[in-house]
file coords.csv (CSV, C-alpha atoms)
chain,number,residue,atom,x,y,z
A,81,MET,CA,-4.2,23.7,-12.8
A,82,LYS,CA,-0.6,22.7,-13.0
A,83,LEU,CA,0.4,22.1,-9.4
A,84,LEU,CA,3.9,20.7,-9.9
A,85,ARG,CA,6.3,21.6,-12.7
A,86,VAL,CA,8.4,18.9,-14.3
A,87,LEU,CA,12.1,19.3,-13.6
A,88,ALA,CA,14.8,16.7,-13.9
A,89,VAL,CA,17.7,16.0,-11.5
A,90,PRO,CA,21.2,14.5,-12.0
A,91,ALA,CA,21.2,11.0,-13.3
A,92,ALA,CA,22.4,9.6,-10.0
A,93,LEU,CA,19.0,10.4,-8.5
A,94,THR,CA,16.8,9.2,-11.3
A,95,LEU,CA,18.2,5.7,-10.9
A,96,VAL,CA,15.8,5.2,-8.0
A,97,ALA,CA,12.8,5.6,-10.4
A,98,ALA,CA,13.4,2.0,-11.5
A,99,CYS,CA,12.7,-0.7,-9.0
A,100,GLY,CA,15.9,-2.3,-7.7
A,101,GLY,CA,17.9,0.9,-7.5
A,102,GLY,CA,19.1,0.5,-3.9
A,103,SER,CA,18.9,-1.6,-0.8
A,104,ALA,CA,15.9,-1.5,1.6
A,105,GLY,CA,16.4,0.7,4.6
A,106,ALA,CA,19.0,2.9,3.0
A,107,PRO,CA,18.1,6.4,1.8
A,108,GLN,CA,18.4,7.0,-1.9
A,109,SER,CA,20.0,10.5,-1.9
A,110,THR,CA,17.5,12.1,0.4
A,111,ALA,CA,13.8,12.0,1.2
A,112,ALA,CA,13.7,15.6,0.3
A,113,SER,CA,15.0,15.0,-3.2
A,114,SER,CA,12.9,15.7,-6.3
A,115,ALA,CA,13.1,14.0,-9.7
A,116,ALA,CA,11.2,13.8,-13.0
A,117,PRO,CA,10.3,10.7,-15.0
A,118,ALA,CA,12.1,10.4,-18.3
A,119,SER,CA,15.0,12.6,-19.3
A,120,THR,CA,14.4,16.1,-20.4
A,121,GLY,CA,17.9,17.5,-19.5
A,122,THR,CA,19.7,18.0,-16.2
A,123,HIS,CA,18.7,20.8,-13.9
A,124,ARG,CA,18.7,21.3,-10.2
A,125,ILE,CA,15.5,22.1,-8.5
A,126,SER,CA,15.4,24.6,-5.7
A,127,GLN,CA,14.5,23.6,-2.3
A,128,THR,CA,11.3,24.9,-0.5
A,129,THR,CA,12.4,27.9,1.5
A,130,ALA,CA,9.2,29.9,2.0
A,131,ARG,CA,7.2,29.6,5.2
A,132,PRO,CA,4.5,26.9,4.9
A,133,PRO,CA,0.9,27.5,6.0
A,134,ALA,CA,-0.2,26.7,9.6
A,135,MET,CA,-0.2,23.0,10.4
A,136,ALA,CA,-1.3,20.7,13.1
A,137,GLY,CA,0.1,17.3,14.0
A,138,VAL,CA,0.0,14.3,16.3
A,139,THR,CA,3.2,13.4,18.2
A,140,ALA,CA,4.5,9.9,18.6
A,141,ARG,CA,3.3,10.1,22.2
A,142,GLY,CA,-0.3,10.7,21.0
A,143,ALA,CA,-0.7,14.5,21.6
A,144,LEU,CA,-2.6,16.6,19.1
A,145,VAL,CA,-0.6,19.8,18.7
A,146,LEU,CA,-0.3,23.0,16.7
A,147,LEU,CA,3.0,23.2,14.8
A,148,ASN,CA,5.4,26.1,14.2
A,149,PRO,CA,5.2,26.5,10.4
A,150,ALA,CA,8.9,27.6,10.3
A,151,THR,CA,10.4,24.7,12.3
A,152,GLY,CA,7.7,22.0,12.6
A,153,ALA,CA,8.1,22.0,16.4
A,154,PRO,CA,5.0,21.7,18.6
A,155,VAL,CA,3.9,25.1,20.0
A,156,ARG,CA,0.6,24.3,21.6
A,157,THR,CA,-1.1,21.2,22.9
A,158,LEU,CA,-4.8,20.8,22.1
A,159,VAL,CA,-5.3,17.1,23.3
A,160,PRO,CA,-2.6,15.7,25.5
A,161,SER,CA,-2.8,12.0,24.8
A,162,GLY,CA,-4.4,9.0,23.1
A,163,VAL,CA,-4.6,10.5,19.6
A,164,ILE,CA,-3.7,8.1,16.8
A,165,GLY,CA,-2.5,8.5,13.2
A,166,ASP,CA,-2.1,8.7,10.4
A,167,GLU,CA,-4.9,11.1,9.7
A,168,ILE,CA,-6.3,14.3,11.1
A,169,SER,CA,-8.5,16.6,9.2
A,170,VAL,CA,-9.1,20.4,9.5
A,171,GLY,CA,-12.4,22.1,8.5
A,172,ALA,CA,-12.4,24.5,5.5
A,173,ASN,CA,-12.6,27.4,7.9
A,174,GLY,CA,-9.4,26.2,9.7
A,175,GLN,CA,-11.1,26.4,13.1
A,176,ILE,CA,-12.0,22.8,13.9
A,177,ILE,CA,-9.7,19.8,13.8
A,178,TYR,CA,-11.1,16.2,13.5
A,179,PHE,CA,-9.1,13.4,15.0
A,180,SER,CA,-9.4,9.9,16.4
A,181,ARG,CA,-8.5,8.9,19.9
A,182,ARG,CA,-8.1,5.3,21.2
A,183,HIS,CA,-9.7,4.3,24.5
A,184,GLY,CA,-8.7,0.7,25.2
A,185,CYS,CA,-9.9,-1.3,22.2
A,186,VAL,CA,-12.2,1.4,20.9
A,187,ASP,CA,-11.4,4.3,18.5
A,188,ASP,CA,-13.5,7.4,18.8
A,189,VAL,CA,-13.8,10.3,16.3
A,190,GLU,CA,-13.7,13.6,18.1
A,191,SER,CA,-13.3,17.3,17.2
A,192,VAL,CA,-11.6,20.2,19.0
A,193,ALA,CA,-11.4,23.9,18.3
A,194,VAL,CA,-8.1,25.3,17.1
A,195,SER,CA,-8.5,27.8,19.9
A,196,GLY,CA,-8.6,25.0,22.4
A,197,GLY,CA,-11.2,23.7,24.8
A,198,THR,CA,-12.8,20.3,25.6
A,199,PRO,CA,-12.9,17.9,22.7
A,200,THR,CA,-16.4,16.8,21.4
A,201,LEU,CA,-17.1,13.1,20.9
A,202,ILE,CA,-18.7,12.5,17.5
A,203,THR,CA,-18.9,8.7,17.2
A,204,THR,CA,-16.8,5.5,17.0
A,205,GLY,CA,-14.3,5.3,14.2
A,206,ASN,CA,-10.9,6.4,13.0
A,207,LEU,CA,-9.2,8.2,10.1
A,208,PRO,CA,-11.6,11.1,9.9
A,209,ALA,CA,-11.8,13.3,6.7
A,210,ILE,CA,-14.1,16.3,6.6
A,211,SER,CA,-15.7,17.1,3.2
A,212,PRO,CA,-14.7,20.3,1.4
A,213,ASP,CA,-18.0,22.0,2.4
A,214,GLY,CA,-17.7,20.9,6.0
A,215,SER,CA,-21.0,19.1,6.0
A,216,THR,CA,-20.0,15.5,6.0
A,217,LEU,CA,-17.4,13.5,7.9
A,218,ALA,CA,-16.0,10.3,6.4
A,219,PHE,CA,-14.2,7.8,8.6
A,220,ALA,CA,-13.4,4.1,9.0
A,221,ARG,CA,-14.8,1.6,11.4
A,222,GLN,CA,-12.5,-1.3,11.8
A,223,PRO,CA,-11.3,-3.4,14.7
A,224,THR,CA,-8.1,-2.8,16.6
A,225,LEU,CA,-5.8,-5.7,15.6
A,226,THR,CA,-4.1,-6.4,18.8
A,227,ARG,CA,-4.4,-9.8,20.5
A,228,HIS,CA,-6.4,-8.6,23.6
A,229,CYS,CA,-8.8,-6.6,21.3
A,230,MET,CA,-9.6,-9.2,18.8
A,231,THR,CA,-13.2,-10.4,18.7
A,232,GLY,CA,-14.1,-13.8,17.2
A,233,SER,CA,-11.9,-15.7,14.8
A,234,GLY,CA,-11.7,-16.6,11.2
A,235,ASP,CA,-13.1,-14.1,8.7
A,236,LEU,CA,-13.0,-10.5,10.0
A,237,SER,CA,-14.1,-8.8,6.9
A,238,ALA,CA,-17.6,-8.0,8.2
A,239,GLN,CA,-16.1,-5.8,10.9
A,240,TYR,CA,-14.6,-3.4,8.3
A,241,SER,CA,-16.6,-0.5,6.9
A,242,LEU,CA,-16.4,3.1,5.7
A,243,VAL,CA,-18.9,5.5,7.0
A,244,THR,CA,-20.1,9.0,6.0
A,245,ARG,CA,-21.9,11.1,8.6
A,246,THR,CA,-23.9,14.2,8.0
A,247,LEU,CA,-22.8,16.4,10.9
A,248,SER,CA,-26.0,18.5,11.2
A,249,SER,CA,-28.2,15.5,11.6
A,250,GLY,CA,-26.0,12.6,12.7
A,251,VAL,CA,-27.3,10.5,9.9
A,252,GLU,CA,-24.8,7.9,8.7
A,253,ARG,CA,-24.3,5.9,5.6
A,254,VAL,CA,-22.3,2.7,6.0
A,255,TYR,CA,-20.3,1.1,3.1
A,256,PRO,CA,-19.1,-2.4,4.2
A,257,MET,CA,-15.9,-3.9,2.9
A,258,LEU,CA,-17.9,-6.5,0.9
A,259,PRO,CA,-21.6,-7.1,0.0
A,260,ALA,CA,-23.6,-8.9,2.7
A,261,GLY,CA,-23.1,-12.7,2.6
A,262,GLN,CA,-19.7,-12.4,0.8
A,263,SER,CA,-16.4,-13.3,2.5
A,264,SER,CA,-12.8,-12.6,1.6
A,265,GLY,CA,-11.3,-14.6,4.4
A,266,LEU,CA,-9.0,-11.6,5.0
A,267,PRO,CA,-9.6,-8.0,6.0
A,268,ALA,CA,-8.8,-5.0,3.7
A,269,PRO,CA,-8.0,-2.3,6.2
A,270,ILE,CA,-8.5,1.4,5.3
A,271,SER,CA,-5.4,3.4,5.9
A,272,HIS,CA,-6.3,6.9,4.7
A,273,LEU,CA,-9.3,8.8,3.3
A,274,SER,CA,-9.5,11.9,1.1
A,275,TRP,CA,-12.5,13.8,-0.4
A,276,ALA,CA,-12.5,14.9,-4.0
A,277,PRO,CA,-12.7,18.7,-4.5
A,278,ASP,CA,-16.4,18.5,-5.4
A,279,GLY,CA,-17.3,16.3,-2.4
A,280,THR,CA,-18.8,13.5,-4.5
A,281,GLU,CA,-16.0,10.9,-4.2
A,282,LEU,CA,-13.5,9.6,-1.7
A,283,ALA,CA,-10.0,8.3,-2.4
A,284,VAL,CA,-9.8,5.2,-0.2
A,285,SER,CA,-6.3,4.1,0.5
A,286,ILE,CA,-6.3,0.4,1.4
A,287,ALA,CA,-3.5,-1.2,3.3
A,288,ALA,CA,-1.8,-4.6,2.8
A,289,ILE,CA,-4.2,-7.6,3.1
A,290,GLN,CA,-1.4,-10.2,3.3
A,291,ASP,CA,2.3,-10.4,2.6
A,292,ASN,CA,2.6,-6.9,1.3
A,293,GLU,CA,-0.2,-7.5,-1.2
A,294,GLY,CA,-3.5,-5.6,-1.6
A,295,TRP,CA,-2.2,-2.1,-1.3
A,296,GLN,CA,-4.3,0.1,-3.6
A,297,ILE,CA,-6.3,3.3,-3.9
A,298,MET,CA,-10.0,3.0,-4.7
A,299,LEU,CA,-12.1,6.0,-5.8
A,300,MET,CA,-15.5,5.6,-4.3
A,301,ASP,CA,-18.6,7.5,-5.5
A,302,THR,CA,-20.5,8.2,-2.3
A,303,ALA,CA,-23.8,8.3,-4.2
A,304,THR,CA,-23.7,5.0,-6.1
A,305,ALA,CA,-21.2,2.8,-4.2
A,306,GLN,CA,-22.5,0.0,-1.9
A,307,ASN,CA,-19.1,-1.1,-0.7
A,308,TYR,CA,-15.6,0.3,-0.4
A,309,LEU,CA,-13.5,-2.5,-1.8
A,310,GLY,CA,-15.1,-3.0,-5.2
A,311,GLY,CA,-18.3,-3.1,-7.2
A,312,THR,CA,-20.6,-0.4,-8.6
A,313,GLY,CA,-19.3,3.1,-7.9
A,314,ASP,CA,-15.8,1.9,-7.0
A,315,THR,CA,-12.9,2.6,-9.4
A,316,PRO,CA,-9.4,1.4,-8.6
A,317,VAL,CA,-6.5,3.6,-9.6
A,318,PRO,CA,-4.2,1.5,-11.8
A,319,VAL,CA,-0.5,1.5,-11.2
A,320,THR,CA,1.4,2.8,-14.3
A,321,GLY,CA,4.9,3.7,-15.1
A,322,PRO,CA,8.2,1.8,-14.5
A,323,ASP,CA,7.9,-1.7,-13.0
A,324,ARG,CA,4.1,-1.3,-12.6
A,325,ARG,CA,3.6,-5.0,-12.1
A,326,ARG,CA,5.6,-5.0,-8.9
A,327,SER,CA,4.8,-1.5,-7.6
A,328,TYR,CA,1.8,-0.3,-5.6
A,329,TRP,CA,0.1,2.9,-4.3
A,330,ARG,CA,0.8,3.1,-0.6
A,331,GLU,CA,-1.4,6.1,0.0
A,332,GLY,CA,-3.1,9.0,-1.9
A,333,THR,CA,-4.9,12.2,-1.3
A,334,TYR,CA,-6.8,14.5,-3.7
A,335,LEU,CA,-5.4,17.7,-5.1
A,336,PRO,CA,-7.7,20.7,-5.8
A,337,ASP,CA,-7.5,20.1,-9.5
A,338,GLY,CA,-8.9,16.5,-9.2
A,339,ASN,CA,-5.5,14.8,-9.6
A,340,LEU,CA,-3.9,12.8,-6.7
A,341,PHE,CA,-0.8,13.2,-4.7
A,342,VAL,CA,0.4,9.7,-4.0
A,343,SER,CA,3.1,7.6,-2.4
A,344,ARG,CA,4.3,4.8,-4.6
A,345,ALA,CA,6.3,1.8,-3.4
A,346,CYS,CA,8.3,-0.8,-5.2
A,347,CYS,CA,8.5,-3.8,-4.8
A,348,THR,CA,6.1,-6.3,-3.4
A,349,GLY,CA,7.0,-9.8,-2.3
A,350,GLU,CA,7.7,-12.2,0.6
A,351,PRO,CA,9.6,-11.4,2.6
A,352,VAL,CA,8.5,-7.8,2.3
A,353,ARG,CA,11.3,-5.7,0.7
A,354,ASN,CA,10.9,-2.2,-0.8
A,355,VAL,CA,13.7,-0.8,-2.7
A,356,SER,CA,12.2,2.6,-3.7
A,357,LYS,CA,9.6,5.1,-2.5
A,358,LEU,CA,8.5,7.8,-4.9
A,359,MET,CA,6.1,10.7,-4.4
A,360,TRP,CA,4.0,11.5,-7.5
A,361,GLU,CA,1.2,13.6,-8.8
A,362,ILE,CA,-1.0,11.4,-10.9
A,363,THR,CA,-4.4,11.5,-12.6
A,364,PRO,CA,-7.3,9.4,-11.3
A,365,ALA,CA,-6.5,7.0,-14.2
A,366,GLY,CA,-3.1,6.5,-12.7
A,367,VAL,CA,-1.2,8.5,-15.4
A,368,ILE,CA,2.0,10.0,-13.9
A,369,LYS,CA,2.1,13.8,-14.2
A,370,HIS,CA,5.0,14.8,-12.1
A,371,GLN,CA,7.4,13.2,-9.6
A,372,VAL,CA,7.6,15.3,-6.4
A,373,ALA,CA,10.3,13.5,-4.4
A,374,ILE,CA,12.4,10.4,-3.9
A,375,GLY,CA,11.8,8.9,-0.5
A,376,PHE,CA,13.5,6.5,1.8
A,377,PRO,CA,13.0,2.8,0.8
A,378,GLY,CA,13.1,1.7,4.5
A,379,LEU,CA,10.6,4.2,5.8
A,380,ASP,CA,6.8,4.4,5.4
A,381,HIS,CA,5.5,7.6,3.7
A,382,THR,CA,2.1,8.5,5.1
A,383,SER,CA,-0.3,11.3,6.2
A,384,LEU,CA,-0.2,12.9,2.7
A,385,ALA,CA,-1.9,16.3,2.7
A,386,VAL,CA,-2.4,19.3,0.5
A,387,ASN,CA,-3.4,22.8,1.6
A,388,HIS,CA,-6.6,24.5,0.3
A,389,SER,CA,-4.8,26.4,-2.4
A,390,GLY,CA,-3.0,23.4,-3.7
A,391,LYS,CA,0.3,25.1,-3.5
A,392,TRP,CA,1.7,23.2,-0.5
A,393,LEU,CA,2.1,19.5,0.0
A,394,LEU,CA,3.2,17.6,3.1
A,395,TYR,CA,3.9,14.0,4.1
A,396,LEU,CA,5.6,12.0,6.8
A,397,ALA,CA,8.7,9.8,6.0
A,398,GLY,CA,8.7,7.6,9.1
A,399,THR,CA,8.1,10.2,11.8
A,400,GLY,CA,9.8,13.0,9.8
A,401,LEU,CA,7.7,15.9,8.4
A,402,TYR,CA,8.4,17.1,4.9
A,403,VAL,CA,6.8,20.0,3.0
A,404,SER,CA,7.0,21.1,-0.6
A,405,GLN,CA,5.9,24.4,-2.2
A,406,LYS,CA,4.7,24.3,-5.8
A,407,GLY,CA,6.7,21.2,-6.5
A,408,ALA,CA,10.0,22.5,-5.1
A,409,ARG,CA,12.3,19.9,-3.5
A,410,PRO,CA,10.7,19.0,-0.2
A,411,ARG,CA,12.3,20.2,3.0
A,412,ALA,CA,12.5,18.3,6.3
A,413,LEU,CA,10.7,20.4,8.8
A,414,GLY,CA,10.3,18.4,12.0
A,415,SER,CA,10.2,14.9,13.4
A,416,GLY,CA,8.5,12.7,16.0
A,417,LEU,CA,5.0,12.8,14.3
A,418,ILE,CA,2.5,10.1,13.3
A,419,ALA,CA,0.1,12.5,11.6
A,420,ALA,CA,0.0,16.0,10.2
A,421,ALA,CA,-2.3,18.3,8.2
A,422,PHE,CA,-2.5,21.9,7.0
A,423,MET,CA,-4.9,24.2,8.6

call {"tool": "encode", "arguments": {"input": "coords.csv", "output": "structure tokens"}}
result
Amino acid sequence: MKLLRVLAVPAALTLVAACGGGSAGAPQSTAASSAAPASTGTHRISQTTARPPAMAGVTARGALVLLNPATGAPVRTLVPSGVIGDEISVGANGQIIYFSRRHGCVDDVESVAVSGGTPTLITTGNLPAISPDGSTLAFARQPTLTRHCMTGSGDLSAQYSLVTRTLSSGVERVYPMLPAGQSSGLPAPISHLSWAPDGTELAVSIAAIQDNEGWQIMLMDTATAQNYLGGTGDTPVPVTGPDRRRSYWREGTYLPDGNLFVSRACCTGEPVRNVSKLMWEITPAGVIKHQVAIGFPGLDHTSLAVNHSGKWLLYLAGTGLYVSQKGARPRALGSGLIAAAFM
């Protein structure tokens, strides 16, 4: 399946494809711009104009809301407060939304019907991702890294794990960060989770461990893996393309054809300074297929999602919501969000 078609844009935009093409914090053209790697001619790509599918989101104030597909504005509140980002997940039938809510120093995974009602507590954790068949929920269990919530000192890696839970039975399988008895000295927090179309693997986006280093996407086989950071059953997605030695995958989510929709940042270093943010479709081997958009170097690009047909993509640039249809130039649709997903 060809989700996104390769189209080039004027040379002024393609300069951002190489690390160093701009200053941190300043937009390179627009976050809704689209470009293609290499030069195959100069063409303009039309902007997304069709009405996107139904969406849900989490506002910066922590409310889980349904969004107007035409404007991105909240139209109905399902949970008024406490919901955290950057991930919410909608069941395949579009009727149940899974989310995480913070209560003091504890994050709980909960669900609520799209039609409304009282949320159902499932278990402790965050970043919920429901499997394609709706049978299994994946989520992270990791500490809240604020001073009054920290427990213990020194190595915190033992407190980090990925969990899959069979919803019908409540049976959980836990994948620690590292094998028992091993220590990294530093945590490798999970920042986003996404199921493969066949429900056998998870794309595990891992946040910075220290000084903007450690960002990566790990493909974890849920049947054979013992841990989420590395080892048997874990395959890292290599960074390829321009300036690959200094670039990293900020976040990724599976597409229906088995490829990945990713946010790629360049460059690493101390002090942290990114000079480009690019949105790509890549293969699980890291091979670049299509460039979807040029983002804002000074903004984080998160909450990547794709609808069930694979024809629509969304992501947040900072708190701004962007949508793209079949690879058309993404359109700014709303703002003030910390998570979003198609329904």

call {"tool": "residues_around", "arguments": {"input": "coords.csv", "residues": "A:Arg141", "least_positions_apart": "2", "cutoff": "7 Å", "atoms": "all atoms listed in the file", "output": "ChimeraX atom specification"}}
result
/A:139,143,161

call {"tool": "closest_residue", "arguments": {"input": "coords.csv", "among": "A:Met423, A:Ala268, A:Thr302, A:Val342", "to": "A:Ala193", "atoms": "all atoms listed in the file"}}
result
A:Met423

call {"tool": "atom_distance", "arguments": {"input": "coords.csv", "atom1": "atom CA of A:Ser249", "atom2": "atom CA of A:Thr216"}}
result
9.9 Å

call {"tool": "atom_distance", "arguments": {"input": "coords.csv", "atom1": "atom CA of A:Val317", "atom2": "atom CA of A:Ala283"}}
result
9.3 Å

call {"tool": "closest_residue", "arguments": {"input": "coords.csv", "among": "A:Pro208, A:Gly414, A:Gly398, A:Pro256", "to": "A:Asp380", "atoms": "only C-alpha atoms"}}
result
A:Gly398

call {"tool": "atom_distance", "arguments": {"input": "coords.csv", "atom1": "atom CA of A:Thr315", "atom2": "atom CA of A:Leu335"}}
result
17.4 Å

call {"tool": "residues_around", "arguments": {"input": "coords.csv", "residues": "A:Met298", "least_positions_apart": "5", "cutoff": "9 Å", "atoms": "all atoms listed in the file", "output": "ChimeraX atom specification"}}
result
/A:282-286,308-310,314-317

call {"tool": "residues_near_point", "arguments": {"input": "coords.csv", "point": "(-15.5, -3.5, 3.3)", "cutoff": "12 Å", "atoms": "only C-alpha atoms", "output": "count of residues only"}}
result
40

call {"tool": "residues_around", "arguments": {"input": "coords.csv", "residues": "A:His388", "least_positions_apart": "5", "cutoff": "10 Å", "atoms": "only C-alpha atoms", "output": "list in words"}}
result
Pro133, Ala172, Gly174, Pro212, Pro277, Leu335, Pro336, Phe422 and Met423 of chain A

call {"tool": "residues_around", "arguments": {"input": "coords.csv", "residues": "A:Glu167", "least_positions_apart": "6", "cutoff": "10 Å", "atoms": "only C-alpha atoms", "output": "ChimeraX atom specification"}}
result
/A:137-138,178-180,206-209,219,271-274,382-385,418-421

call {"tool": "closest_residue", "arguments": {"input": "coords.csv", "among": "A:Asn354, A:Ala408, A:Asn387, A:Tyr395", "to": "A:Ala134", "atoms": "all atoms listed in the file"}}
result
A:Asn387

call {"tool": "residues_around", "arguments": {"input": "coords.csv", "residues": "stretch 196-198 of chain A", "least_positions_apart": "2", "cutoff": "9 Å", "atoms": "all atoms listed in the file", "output": "VMD selection string"}}
result
chain A and resid 157 to 159 191 to 194 200

call {"tool": "write_last_selection", "arguments": {"input": "coords.csv", "atoms": "C-alpha atoms", "output": "mmCIF file, in the frame of the given file"}}
result
data_model
loop_
_atom_site.group_PDB
_atom_site.id
_atom_site.type_symbol
_atom_site.label_atom_id
_atom_site.label_comp_id
_atom_site.auth_asym_id
_atom_site.auth_seq_id
_atom_site.Cartn_x
_atom_site.Cartn_y
_atom_site.Cartn_z
ATOM 1 C CA THR A 157 -1.100 21.200 22.900
ATOM 2 C CA LEU A 158 -4.800 20.800 22.100
ATOM 3 C CA VAL A 159 -5.300 17.100 23.300
ATOM 4 C CA SER A 191 -13.300 17.300 17.200
ATOM 5 C CA VAL A 192 -11.600 20.200 19.000
ATOM 6 C CA ALA A 193 -11.400 23.900 18.300
ATOM 7 C CA VAL A 194 -8.100 25.300 17.100
ATOM 8 C CA THR A 200 -16.400 16.800 21.400
#

call {"tool": "closest_residue", "arguments": {"input": "coords.csv", "among": "A:His381, A:His183, A:Arg344, A:Arg411", "to": "A:Arg131", "atoms": "only C-alpha atoms"}}
result
A:Arg411

call {"tool": "closest_residue", "arguments": {"input": "coords.csv", "among": "A:Ser327, A:Ser389, A:Thr129, A:Ser211", "to": "A:Pro149", "atoms": "all atoms listed in the file"}}
result
A:Thr129
